[in-house]
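First up is the structure itself, then whatever we jot down about it.
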Amino acid sequence: MTAQPNPRAGAAVKAADRAHVFHSWSAQELIDPLAVAGAEGSYFWDYEGRRYLDFTSGLVFTNLGYQHPKVVAAIQEQAATLTTFAPAFAVEARSEAARLIAERTPGDLDKIFFTNGGTEAVEHAVRMARVHTGRQKVLSAYRSYHGATAASIHLTGDPRRWANDTGAAGVVHFWAPFLYRSPFHAENERQECERALQHLEDTLVFEGPATIAAIVLESVPGTAGIMVPPPGYLAGVRALCDRYGIVLVLDEVMAGFGRTGRWFAADLFGVTPDLMTFAKGVNSGYVPLGGVAISGAIAETFARRPYPGGLTYSGHPLACAAAVATIHVMEEEGVVEHAARLGEEVFGPGLRELAERHPSVGEVRGTGVFWALELVRDRETREPLVPYNATGEDNAPMAAFAAAAKERGLWPFVNMNRTHVVPPCTITEAEAKEGLAALDEALSVADRHTTAA
């Protein structure tokens, strides 16, 4: 599963990267990208021969792991048959991908508009909602991520928005429920749900419901912290949208396609949105693909009225062939059920057991193969291990934790004061326990930065 060490080749890859590749979200001279030689299943390795168990799934998209042979074969077969074709035509791979996705979406989300990724999916969902309602304003939550293009970055509720925010994009932010750091001073999930819904309705009323086209929410927020909403919250948001004629957009870019132990996280709550965005896990990221699943009512808006949007590569045959193969594999191999079992029997119990022994772990939360550990300096005060949006020396405790994990062959997902446990949905129980053991050792490094040290 690992290639022979080849440091010279790795140095050449690294040199070309440093000379010519401009990386996302980075000060270019302050980063040191790892040169990756290969990957398979839940692991990847570098040119020195070091192997890492990937607890990040790339950017939470390799739901089937790396190099799944059936998906690779489907891409090869499609490339030999019809590599690409314009989106205005009916193409078998595109039609079949749309059919398979529509079969699995909740309710009547039976029309699929394909994009190249999640951020474009959010852009188009917002555009559809605005045209459908004739309104311009959109609400989204703090502690969220919806993408990095013009509309999606304004919807985003984390610090990546700040440098891009013009303050004039028709976006209003509100607080979604998060009991561990409740903005509503709630003492339990019921209070958090009720108070969050009241806050949202107050925001709607004072913004003017007749001006609001859509509420955009991640069904389970991902990068912002994997905060599973309390029972009744999404149903309450659905009811508010119905009351005021507002389109509900659920962002399933990260949470969809098995990640939460369901095909879509919305299934956990029995809620059907008007529009649903997806990407990432739809084909494990093997070829870029995203999309919007569209309800009957919104599809009817564009039955005789042209939709004002499109993309050159909408429904690219290679990407769609990968999606078709991915969905078939998920069915044949029981990937969704496997993810649910791992959450219930391995990750949930295992992470809670780590929390009992490590004073740096303030909270464990998640579902399926979608978990977060909130790392703190003090469990009583819940002070984060590092400040919000920390950089440089302020972020040293998290950097030390991440380095310790990598030294033990675990590649961690680290964001602010959290580490997320988001390996491929196909990870075996033995591999999961291997990762938890490495995480256990790395948390001992985080513990040194707590008040209990």
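Following the order of the structure tokens, first chain is A, next is B, and so on, with residues numbered from 1 inside each chain and ligands from 1 in the order they appear.
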
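For Ala9 of chain A, the set of protein, DNA and RNA residues having any atom at most 9 Å away, when counting only C-alpha atoms and skipping those fewer than 5 positions along the same chain, is Lys14, Ala37 and Tyr47 of chain A.
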
Residues as selected, N, CA and C atoms, written as a JSON list (two decimals), in the first residue's frame, can you do that?
```json
[["chain", "number", "residue", "atom", "x", "y", "z"],
["A", 14, "LYS", "N", 7.99, 19.11, -4.87],
["A", 14, "LYS", "CA", 7.93, 20.22, -3.92],
["A", 14, "LYS", "C", 8.47, 21.51, -4.53],
["A", 37, "ALA", "N", 2.91, 11.14, -2.55],
["A", 37, "ALA", "CA", 3.32, 10.20, -3.60],
["A", 37, "ALA", "C", 2.17, 9.30, -4.05],
["A", 47, "TYR", "N", 6.87, 10.92, -0.26],
["A", 47, "TYR", "CA", 8.00, 10.39, -1.03],
["A", 47, "TYR", "C", 9.12, 9.86, -0.14]]
```

Query - All helix (DSSP H, G or I) residues (DSSP, backbone) inside segment 175-227 of chain A, as a VMD selection string - result: chain A and resid 179 to 181 189 to 207 209 to 211

Can those selected residues be exported to a file as a short mmCIF file (atom, residue, chain, number, x, y, z; two decimals), in the first residue's frame so that it contains N, CA and C atoms?
```
data_model
loop_
_atom_site.label_atom_id
_atom_site.label_comp_id
_atom_site.auth_asym_id
_atom_site.auth_seq_id
_atom_site.Cartn_x
_atom_site.Cartn_y
_atom_site.Cartn_z
N LEU A 179 -25.36 24.36 21.88
CA LEU A 179 -25.57 24.35 23.32
C LEU A 179 -24.28 24.53 24.11
N TYR A 180 -23.18 23.94 23.66
CA TYR A 180 -21.93 24.02 24.42
C TYR A 180 -21.46 25.46 24.58
N ARG A 181 -21.69 26.29 23.56
CA ARG A 181 -21.36 27.71 23.64
C ARG A 181 -22.60 28.54 23.33
N GLU A 189 -31.00 21.09 25.67
CA GLU A 189 -31.29 21.13 24.23
C GLU A 189 -32.66 21.73 23.94
N ARG A 190 -33.65 21.43 24.77
CA ARG A 190 -34.99 21.97 24.54
C ARG A 190 -34.97 23.49 24.59
N GLN A 191 -34.33 24.04 25.62
CA GLN A 191 -34.24 25.49 25.71
C GLN A 191 -33.45 26.07 24.53
N GLU A 192 -32.35 25.42 24.18
CA GLU A 192 -31.54 25.92 23.06
C GLU A 192 -32.35 25.96 21.77
N CYS A 193 -33.11 24.91 21.52
CA CYS A 193 -33.95 24.86 20.32
C CYS A 193 -34.99 25.97 20.33
N GLU A 194 -35.74 26.08 21.43
CA GLU A 194 -36.81 27.07 21.51
C GLU A 194 -36.27 28.50 21.37
N ARG A 195 -35.16 28.77 22.05
CA ARG A 195 -34.62 30.12 22.04
C ARG A 195 -33.97 30.46 20.70
N ALA A 196 -33.34 29.47 20.07
CA ALA A 196 -32.76 29.70 18.75
C ALA A 196 -33.85 29.99 17.71
N LEU A 197 -34.95 29.26 17.79
CA LEU A 197 -36.06 29.50 16.86
C LEU A 197 -36.70 30.86 17.10
N GLN A 198 -36.83 31.25 18.37
CA GLN A 198 -37.39 32.56 18.67
C GLN A 198 -36.47 33.67 18.16
N HIS A 199 -35.18 33.49 18.34
CA HIS A 199 -34.20 34.45 17.83
C HIS A 199 -34.30 34.57 16.31
N LEU A 200 -34.43 33.43 15.63
CA LEU A 200 -34.54 33.45 14.18
C LEU A 200 -35.81 34.16 13.74
N GLU A 201 -36.93 33.86 14.41
CA GLU A 201 -38.17 34.53 14.02
C GLU A 201 -38.10 36.03 14.30
N ASP A 202 -37.50 36.42 15.41
CA ASP A 202 -37.32 37.84 15.69
C ASP A 202 -36.50 38.51 14.59
N THR A 203 -35.46 37.82 14.14
CA THR A 203 -34.62 38.37 13.06
C THR A 203 -35.43 38.52 11.78
N LEU A 204 -36.23 37.51 11.46
CA LEU A 204 -37.10 37.59 10.28
C LEU A 204 -38.04 38.78 10.36
N VAL A 205 -38.68 38.92 11.50
CA VAL A 205 -39.68 39.97 11.66
C VAL A 205 -39.04 41.35 11.53
N PHE A 206 -37.89 41.54 12.16
CA PHE A 206 -37.26 42.86 12.13
C PHE A 206 -36.56 43.15 10.80
N GLU A 207 -36.18 42.10 10.06
CA GLU A 207 -35.62 42.32 8.73
C GLU A 207 -36.72 42.52 7.68
N PRO A 209 -40.06 40.00 6.63
CA PRO A 209 -40.19 38.72 5.93
C PRO A 209 -40.41 38.86 4.42
N ALA A 210 -41.11 39.92 4.01
CA ALA A 210 -41.39 40.10 2.59
C ALA A 210 -40.16 40.47 1.78
N THR A 211 -39.03 40.73 2.48
CA THR A 211 -37.79 41.05 1.77
C THR A 211 -36.85 39.85 1.68
#
```

**Report entry** Nearby residues (only C-alpha atoms) at most 12 Å from Thr81 of chain A, same-chain spacing under 3 positions excluded, as a list in words
**Finding:** Ala74, Ile75, Gln76, Glu77, Gln78, Thr84, Phe85, Val91, Glu92, Ala93, Pro317, Leu318 and Ala321 of chain A

For the selection just defined, write its residues with N, CA and C atoms to a file, as a PDB file, in the first residue's frame.
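The result, written out as again.pdb:
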```pdb
ATOM      1  N   ALA A  74     -14.930   3.183 -13.654  1.00  0.00           N
ATOM      2  CA  ALA A  74     -16.038   3.900 -14.289  1.00  0.00           C
ATOM      3  C   ALA A  74     -15.549   5.160 -14.994  1.00  0.00           C
ATOM      4  N   ILE A  75     -14.603   5.865 -14.380  1.00  0.00           N
ATOM      5  CA  ILE A  75     -14.030   7.055 -15.022  1.00  0.00           C
ATOM      6  C   ILE A  75     -13.273   6.658 -16.279  1.00  0.00           C
ATOM      7  N   GLN A  76     -12.492   5.581 -16.203  1.00  0.00           N
ATOM      8  CA  GLN A  76     -11.739   5.114 -17.367  1.00  0.00           C
ATOM      9  C   GLN A  76     -12.671   4.699 -18.503  1.00  0.00           C
ATOM     10  N   GLU A  77     -13.745   3.992 -18.156  1.00  0.00           N
ATOM     11  CA  GLU A  77     -14.698   3.557 -19.177  1.00  0.00           C
ATOM     12  C   GLU A  77     -15.395   4.746 -19.828  1.00  0.00           C
ATOM     13  N   GLN A  78     -15.783   5.722 -19.000  1.00  0.00           N
ATOM     14  CA  GLN A  78     -16.434   6.909 -19.551  1.00  0.00           C
ATOM     15  C   GLN A  78     -15.484   7.702 -20.441  1.00  0.00           C
ATOM     16  N   THR A  84     -16.220  14.165 -22.851  1.00  0.00           N
ATOM     17  CA  THR A  84     -16.909  15.401 -22.473  1.00  0.00           C
ATOM     18  C   THR A  84     -17.969  15.734 -23.509  1.00  0.00           C
ATOM     19  N   PHE A  85     -18.942  16.530 -23.088  1.00  0.00           N
ATOM     20  CA  PHE A  85     -19.961  17.005 -24.023  1.00  0.00           C
ATOM     21  C   PHE A  85     -20.680  18.183 -23.394  1.00  0.00           C
ATOM     22  N   VAL A  91     -27.090  13.315 -22.029  1.00  0.00           N
ATOM     23  CA  VAL A  91     -25.967  12.385 -22.032  1.00  0.00           C
ATOM     24  C   VAL A  91     -26.232  11.320 -20.980  1.00  0.00           C
ATOM     25  N   GLU A  92     -25.949  10.065 -21.296  1.00  0.00           N
ATOM     26  CA  GLU A  92     -26.321   8.957 -20.417  1.00  0.00           C
ATOM     27  C   GLU A  92     -25.780   9.117 -19.000  1.00  0.00           C
ATOM     28  N   ALA A  93     -24.503   9.411 -18.856  1.00  0.00           N
ATOM     29  CA  ALA A  93     -23.916   9.502 -17.507  1.00  0.00           C
ATOM     30  C   ALA A  93     -24.585  10.610 -16.706  1.00  0.00           C
ATOM     31  N   PRO A 317     -19.465  14.586 -18.111  1.00  0.00           N
ATOM     32  CA  PRO A 317     -19.627  13.129 -18.159  1.00  0.00           C
ATOM     33  C   PRO A 317     -18.675  12.351 -17.254  1.00  0.00           C
ATOM     34  N   LEU A 318     -17.410  12.760 -17.157  1.00  0.00           N
ATOM     35  CA  LEU A 318     -16.487  12.023 -16.287  1.00  0.00           C
ATOM     36  C   LEU A 318     -16.906  12.137 -14.820  1.00  0.00           C
ATOM     37  N   ALA A 321     -20.146  10.070 -14.334  1.00  0.00           N
ATOM     38  CA  ALA A 321     -19.866   8.631 -14.319  1.00  0.00           C
ATOM     39  C   ALA A 321     -19.290   8.221 -12.965  1.00  0.00           C
TER      40      ALA A 321
END
```

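Per DSSP on the backbone, strand (DSSP E) in segment 77-277 of chain A comprises Lys111, Ile112, Phe113, Phe114, Thr115, Lys137, Val138, Leu139, Ser140, Ala141, Val171, Val172, His173, Phe174, Ile212, Ala213, Ala214, Ile215, Val216, Leu217, Glu218, Val247, Leu248, Val249, Leu250, Asp251, Leu275, Met276 and Thr277 of chain A.
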
Query raised in the report: Contacts of segment 106-110 of chain A at 9 Å or less, counting only C-alpha atoms, minus same-chain residues fewer than 3 places along, as a VMD selection string?
Result: chain A and resid 98 to 99 101 to 103 264 266 to 267 270 to 276 293 to 296 299

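Our summary of the geometry notes that atom CA of Ser42 of chain A is positioned 10.6 Å from atom CA of Leu410 of chain A.
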
Query raised in the report: What lies within 12 Å of segment 326-332 of chain A using only C-alpha atoms, ignoring chain neighbours under 6 positions off, as a PyMOL selection string?
Result: chain A and resi 61-75+96-104+256-259+261-263+280-287+319-320+338-339+425-426

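For the choices A:Ala35, A:Ile298, A:Met254, A:Glu29, the atom-to-atom distance to Ala16 of chain A is smallest for A:Ala35 when using only C-alpha atoms.
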
Requested in this report: Write out as a count of residues only each polymer residue whose atoms come within 10 Å of Ala151 of chain A, counting only C-alpha atoms; drop sequence neighbours fewer than 4 positions from it.
Outcome: 16

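Each of A:Val386, A:Ile427, A:Val253, A:Arg418 was compared to Val336 of chain A using only C-alpha atoms, and A:Ile427 turns out to be the nearest.
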
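Distances to Asn415 of chain A were evaluated for A:Val361, A:Ile226, A:Ala235, A:Leu82 using only C-alpha atoms, and the minimum falls at A:Ile226.
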
**Report entry** Spatial neighbours of Ala355 of chain A, max dist 12 Å, only C-alpha atoms, sep filter under 6 positions, as number ranges by chain
**Finding:** A: 347-349, 361-365, 372-376, 379, 436, 439-440, 443-444, 447

Report summary line: Residue with the minimum atom-to-atom distance to Ala323 of chain A, picked from A:Gly236, A:Gly157, A:Gly291, A:Pro384 with only C-alpha atoms counted, is A:Gly291

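Each of A:Trp175, A:Phe370, A:Tyr145, A:Phe184 was compared to Ala255 of chain A using only C-alpha atoms, and A:Phe370 turns out to be the nearest.
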
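Taking only C-alpha atoms into account, Val324 of chain A lies nearest to A:Arg94 out of the set A:His23, A:Arg94, A:Arg18, A:Arg238.
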